[in-house]
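S.K.: TSV, C-alpha atoms, saved as input28.tsv, coming up:
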chain	number	residue	atom	x	y	z
A	784	MET	CA	0.00	0.00	0.00
A	785	SER	CA	1.38	3.38	-1.04
A	786	ILE	CA	-0.93	6.14	0.21
A	787	LYS	CA	-0.57	9.64	-1.16
A	788	PHE	CA	-2.66	12.79	-0.94
A	789	THR	CA	-3.19	14.84	-4.10
A	790	GLU	CA	-4.94	18.13	-4.74
A	791	ILE	CA	-8.28	18.02	-6.54
A	792	GLN	CA	-7.25	18.50	-10.16
A	793	ASN	CA	-10.43	18.57	-12.24
A	794	SER	CA	-14.22	18.45	-12.28
A	795	ALA	CA	-14.24	14.64	-12.59
A	796	GLU	CA	-12.36	14.29	-9.29
A	797	LYS	CA	-14.59	16.93	-7.71
A	798	LYS	CA	-17.72	15.00	-8.79
A	799	LYS	CA	-16.29	11.72	-7.52
A	800	ILE	CA	-15.57	13.20	-4.08
A	801	LYS	CA	-18.94	14.92	-3.88
A	802	SER	CA	-20.69	11.64	-4.74
A	803	LEU	CA	-18.64	9.76	-2.12
A	804	PHE	CA	-19.49	12.32	0.57
A	805	GLN	CA	-23.18	12.12	-0.31
A	806	ARG	CA	-23.09	8.33	0.07
A	807	ALA	CA	-20.91	8.22	3.17
A	808	ILE	CA	-22.17	11.13	5.27
A	809	PRO	CA	-25.75	11.42	6.55
A	810	VAL	CA	-27.57	14.53	5.30
A	811	ASN	CA	-28.01	15.97	8.78
A	812	GLU	CA	-24.23	15.77	9.41
A	813	ARG	CA	-23.03	16.93	6.00
A	814	THR	CA	-21.12	20.19	5.61
A	815	PRO	CA	-22.17	21.75	2.27
A	816	PHE	CA	-19.75	20.58	-0.43
A	817	PHE	CA	-19.48	24.03	-2.02
A	818	TRP	CA	-18.28	25.40	1.34
A	819	LEU	CA	-15.63	22.68	1.71
A	820	TYR	CA	-14.51	23.12	-1.89
A	821	GLY	CA	-14.31	26.89	-1.46
A	822	LYS	CA	-12.02	26.56	1.59
A	823	ARG	CA	-9.51	24.21	-0.06
A	824	LYS	CA	-7.11	27.01	-1.07
A	825	ARG	CA	-6.65	28.32	2.47
A	826	PRO	CA	-3.06	27.77	3.65
A	827	ASN	CA	-4.10	25.71	6.68
A	828	VAL	CA	-6.63	23.51	4.83
A	829	SER	CA	-6.11	20.24	2.96
A	830	PHE	CA	-9.00	18.94	0.88
A	831	VAL	CA	-7.39	16.09	-0.98
A	832	ASN	CA	-7.87	12.89	-2.89
A	833	VAL	CA	-6.48	9.74	-1.33
A	834	TYR	CA	-4.67	7.42	-3.74
A	835	ASP	CA	-3.01	4.05	-3.37
A	836	GLY	CA	-0.55	4.27	-6.22
A	837	ASP	CA	-2.80	5.11	-9.20
A	838	THR	CA	-6.01	3.85	-7.57
A	839	TRP	CA	-8.37	6.46	-6.10
A	840	VAL	CA	-9.60	5.26	-2.70
A	841	GLY	CA	-11.25	8.29	-1.08
A	842	ALA	CA	-10.88	11.84	0.18
A	843	VAL	CA	-10.19	13.77	3.36
A	844	PHE	CA	-10.74	17.39	4.44
A	845	PHE	CA	-8.64	18.56	7.37
A	846	SER	CA	-7.23	21.77	8.74
A	847	THR	CA	-4.34	22.68	10.99
A	848	HIS	CA	-4.19	25.29	13.72
A	849	LYS	CA	-1.18	25.57	15.99
A	850	ASP	CA	-0.44	21.94	17.03
A	851	LEU	CA	-3.90	20.60	16.18
A	852	VAL	CA	-5.05	18.80	13.04
A	853	TYR	CA	-8.85	18.76	12.83
A	854	VAL	CA	-10.30	16.13	10.49
A	855	TRP	CA	-13.57	17.59	9.27
A	856	ILE	CA	-14.50	14.85	6.81
A	857	PHE	CA	-12.93	11.53	5.96
A	858	ALA	CA	-14.37	8.94	3.58
A	859	ILE	CA	-13.10	5.83	1.83
A	860	ASP	CA	-14.86	4.65	-1.33
A	861	ASP	CA	-17.36	1.84	-0.73
A	862	SER	CA	-15.58	-0.45	-3.19
A	863	VAL	CA	-12.35	-0.51	-1.14
A	864	ARG	CA	-13.55	-0.22	2.45
A	865	SER	CA	-12.24	-2.68	5.06
A	866	LYS	CA	-8.94	-3.06	3.21
A	867	GLY	CA	-6.80	-0.97	5.56
A	868	TYR	CA	-7.08	2.34	3.70
A	869	GLY	CA	-8.68	4.22	6.58
A	870	SER	CA	-5.83	3.30	8.91
A	871	ALA	CA	-3.35	4.16	6.17
A	872	VAL	CA	-4.86	7.66	5.84
A	873	PHE	CA	-4.31	8.33	9.56
A	874	THR	CA	-0.78	6.91	9.36
A	875	GLU	CA	-0.10	9.40	6.55
A	876	ILE	CA	-1.57	12.34	8.50
A	877	LYS	CA	0.58	11.37	11.51
A	878	ARG	CA	3.63	11.18	9.22
A	879	LEU	CA	2.90	14.63	7.73
A	880	TYR	CA	2.22	16.22	11.14
A	881	PRO	CA	4.37	14.30	13.63
A	882	ASN	CA	4.19	16.93	16.38
A	883	HIS	CA	0.47	17.55	16.13
A	884	ARG	CA	-2.55	16.19	17.93
A	885	ILE	CA	-5.34	14.93	15.66
A	886	LEU	CA	-8.98	15.64	16.49
A	887	LEU	CA	-12.21	14.43	14.90
A	888	GLY	CA	-15.84	13.90	15.76
A	889	ILE	CA	-17.95	10.75	15.47
A	890	GLU	CA	-21.58	10.00	16.18
A	891	GLU	CA	-21.86	9.22	19.89
A	892	THR	CA	-22.76	5.61	20.63
A	893	ASN	CA	-26.36	5.32	21.79
A	894	GLU	CA	-28.20	2.05	22.31
A	895	ASN	CA	-31.41	3.71	21.09
A	896	ALA	CA	-29.90	4.78	17.75
A	897	LYS	CA	-30.90	2.74	14.71
A	898	ASN	CA	-27.27	2.62	13.59
A	899	ASN	CA	-25.69	2.04	17.01
A	900	GLU	CA	-23.84	-1.07	15.82
A	901	GLN	CA	-22.24	1.00	13.05
A	902	ARG	CA	-21.38	3.73	15.57
A	903	ILE	CA	-19.71	1.19	17.87
A	904	LYS	CA	-17.65	-0.26	14.99
A	905	ARG	CA	-16.64	3.22	13.86
A	906	LYS	CA	-15.50	4.14	17.37
A	907	GLN	CA	-13.53	0.88	17.65
A	908	PHE	CA	-11.83	1.68	14.32
A	909	TYR	CA	-10.72	5.09	15.58
A	910	GLU	CA	-9.56	3.63	18.91
A	911	ARG	CA	-7.45	1.05	17.02
A	912	ASN	CA	-5.86	4.00	15.23
A	913	GLY	CA	-4.87	5.75	18.45
A	914	PHE	CA	-7.85	8.05	19.06
A	915	ARG	CA	-9.26	8.44	22.57
A	916	SER	CA	-12.41	10.19	23.75
A	917	THR	CA	-11.92	13.73	25.01
A	918	GLY	CA	-15.00	13.29	27.18
A	919	LEU	CA	-16.74	16.04	25.21
A	920	VAL	CA	-19.82	15.71	23.03
A	921	ALA	CA	-20.82	18.47	20.61
A	922	ASN	CA	-24.29	19.06	19.27
A	923	GLN	CA	-23.88	19.26	15.50
A	924	MET	CA	-27.22	20.07	13.90
A	925	GLY	CA	-29.06	17.95	16.46
A	926	VAL	CA	-26.62	15.02	16.32
A	927	ALA	CA	-24.47	14.15	19.35
A	928	ILE	CA	-20.86	14.11	18.11
A	929	GLU	CA	-18.20	12.67	20.42
A	930	LEU	CA	-14.83	14.38	20.05
A	931	MET	CA	-11.87	11.98	19.81
A	932	LEU	CA	-8.20	12.85	19.85
A	933	ILE	CA	-4.79	11.39	19.20
A	934	GLY	CA	-2.77	13.14	21.89
A	935	ASP	CA	-3.30	14.20	25.48
A	936	THR	CA	-7.05	14.09	26.07
A	937	GLU	CA	-6.67	15.39	29.63
A	938	THR	CA	-5.35	18.79	28.58
A	939	PHE	CA	-7.54	19.25	25.47
A	940	GLN	CA	-9.85	22.25	25.76
A	941	ILE	CA	-12.91	22.90	23.61
A	942	LYS	CA	-11.68	26.42	22.86
A	943	GLU	CA	-8.91	24.78	20.78
A	944	LEU	CA	-11.57	23.37	18.45
A	945	PHE	CA	-13.32	26.74	18.29
A	946	GLU	CA	-10.01	28.42	17.38
A	947	ALA	CA	-9.37	25.77	14.70
A	948	LEU	CA	-12.83	26.35	13.21
A	949	LYS	CA	-12.28	30.10	13.23
A	950	SER	CA	-8.94	29.67	11.44
A	951	VAL	CA	-10.79	28.14	8.48
A	952	ASP	CA	-13.88	30.34	8.47
A	953	TRP	CA	-13.96	33.40	10.66
A	954	PHE	CA	-17.75	33.74	10.63
A	955	ALA	CA	-18.58	30.08	11.29
A	956	GLY	CA	-15.81	29.80	13.87
A	957	THR	CA	-16.89	32.96	15.68
A	958	LEU	CA	-20.53	31.89	15.70
A	959	THR	CA	-19.60	28.46	17.06
A	960	THR	CA	-17.35	30.08	19.68
A	961	LEU	CA	-20.11	32.44	20.81
A	962	LEU	CA	-22.62	29.60	21.04
A	963	GLY	CA	-20.09	27.43	22.86
A	964	LYS	CA	-19.21	30.19	25.33
A	965	SER	CA	-22.87	30.69	26.15
A	966	TRP	CA	-23.21	26.92	26.70
A	967	LEU	CA	-26.47	26.60	24.78
A	968	GLY	CA	-26.06	22.86	24.61
A	969	LEU	CA	-23.37	22.97	21.96
A	970	VAL	CA	-20.81	21.05	24.01
A	971	LYS	CA	-21.25	18.89	27.12
A	972	LYS	CA	-19.21	16.44	29.12
A	973	LYS	CA	-19.80	12.83	28.12
A	974	LYS	CA	-21.76	10.84	30.69
Just give me the structure of the file as structure tokens.
M.R.:
Amino acid sequence: MSIKFTEIQNSAEKKKIKSLFQRAIPVNERTPFFWLYGKRKRPNVSFVNVYDGDTWVGAVFFSTHKDLVYVWIFAIDDSVRSKGYGSAVFTEIKRLYPNHRILLGIEETNENAKNNEQRIKRKQFYERNGFRSTGLVANQMGVAIELMLIGDTETFQIKELFEALKSVDWFAGTLTTLLGKSWLGLVKKKK
């Protein structure tokens, strides 16, 4: 396996990624594609294809702020899932940013959720790849999103995520920060 990240080169790649995101990410959790695509040229943003040699296997959108890499969206194509590509993507991010912590959000496990089995498997995948729960759960458009981190979970503070969001989009990051500071249910400690 030879994982590499490449910039989105043409409309065919753009369509392929958009289609993958629509299949892989539930509507109520999906960041608008045009917004993601529009942010790709920012110096602290990577919105890239994932290739194994010449074979396209997926895409990832992540940003960096100080010593934090925030993975906004990560998806492997259905046709090659469960072949080690997901783990290989995180190995590559760790290689590119060796002195950074890596943060992402996943649907919180919930025995009442229709897809709880999928949520449990997803969390186990991230734990196998070195992620640990921060103990924080964010409310993202009505969905409980557990924040997981590679790095010191004890010292992680939610304001670091707010700062990372603001570094990509001042308006969205500021709005999220204001909502988070007023504690309107945006972030809570995991039970």
S.K.: Give me, please, the distance in Å between atom CA of Ser802 of chain A and atom CA of Ala858 of chain A, quoted to one decimal.
M.R.: 10.8 Å
S.K.: I'd like the neighbourhood of Arg813 of chain A as a VMD selection string, where a residue qualifies if any of its atoms comes within 10 Å (using all atoms listed in the file), though same-chain residues fewer than 6 positions away should be ignored.
M.R.: chain A and resid 804 to 805 807 856 923 to 924
S.K.: Those residues you just picked out, can you put them in a file as a tab-separated table (two decimals), in the frame of the given file with C-alpha atoms?
M.R.:
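Final file, part23.tsv:
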chain	number	residue	atom	x	y	z
A	804	PHE	CA	-19.49	12.32	0.57
A	805	GLN	CA	-23.18	12.12	-0.31
A	807	ALA	CA	-20.91	8.22	3.17
A	856	ILE	CA	-14.50	14.85	6.81
A	923	GLN	CA	-23.88	19.26	15.50
A	924	MET	CA	-27.22	20.07	13.90
S.K.: Using only C-alpha atoms, which of A:Gly925, A:Gly836, A:Gly934, A:Pro826 sits nearest Glu890 of chain A?
M.R.: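 Closest to Glu890 of chain A, using only C-alpha atoms: A:Gly925.
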S.K.: What does the structure give for the distance between atom CA of Asn811 of chain A and atom CA of Lys877 of chain A, in Å to one decimal?
M.R.: 29.1 Å
S.K.: Taking 5 positions as the minimum chain separation for residues in the same chain, which residues sit within 12 Å of Val852 of chain A when counting only C-alpha atoms? Answer as a ChimeraX atom specification.
M.R.: /A:827-829,844-847,873,876-877,879-887,931-934,943-944,946-948,950-951
S.K.: My list of candidates is A:Ile800, A:Leu930, A:Ala871, A:Ile941. Which is closest to Asn912 of chain A when distances are computed with only C-alpha atoms?
M.R.: A:Ala871
S.K.: When you draw a straight line from atom CA of Lys787 of chain A to atom CA of Gly867 of chain A, how long is it in Å?
M.R.: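 Separation between atom CA of Lys787 of chain A and atom CA of Gly867 of chain A: 14.0 Å.
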S.K.: Rank nothing, just name the residue among A:Asp935, A:Gly918, A:Ile889, A:Ser870 nearest to Arg902 of chain A, using all atoms listed in the file.
M.R.: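 Smallest distance to Arg902 of chain A is found for A:Ile889.
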S.K.: Which residues are close to Glu796 of chain A, i.e. within 12 Å by all atoms listed in the file, leaving aside same-chain residues fewer than 6 positions away? Reply as an MDAnalysis selection string.
M.R.: chainID A and resid 789:790 802:803 820 830:834 839:842
S.K.: Which is closer to Val872 of chain A than all the others in A:Phe788, A:Phe914, A:Phe939, A:Phe945, using all atoms listed in the file?
M.R.: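 Selected residue with least distance to Val872 of chain A: A:Phe788.
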S.K.: Quick one: of A:Glu929, A:Asn793, A:Lys942, A:Met784, who's nearest to Thr874 of chain A, counting only C-alpha atoms?
M.R.: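 Residue with the minimum atom-to-atom distance to Thr874 of chain A: A:Met784.
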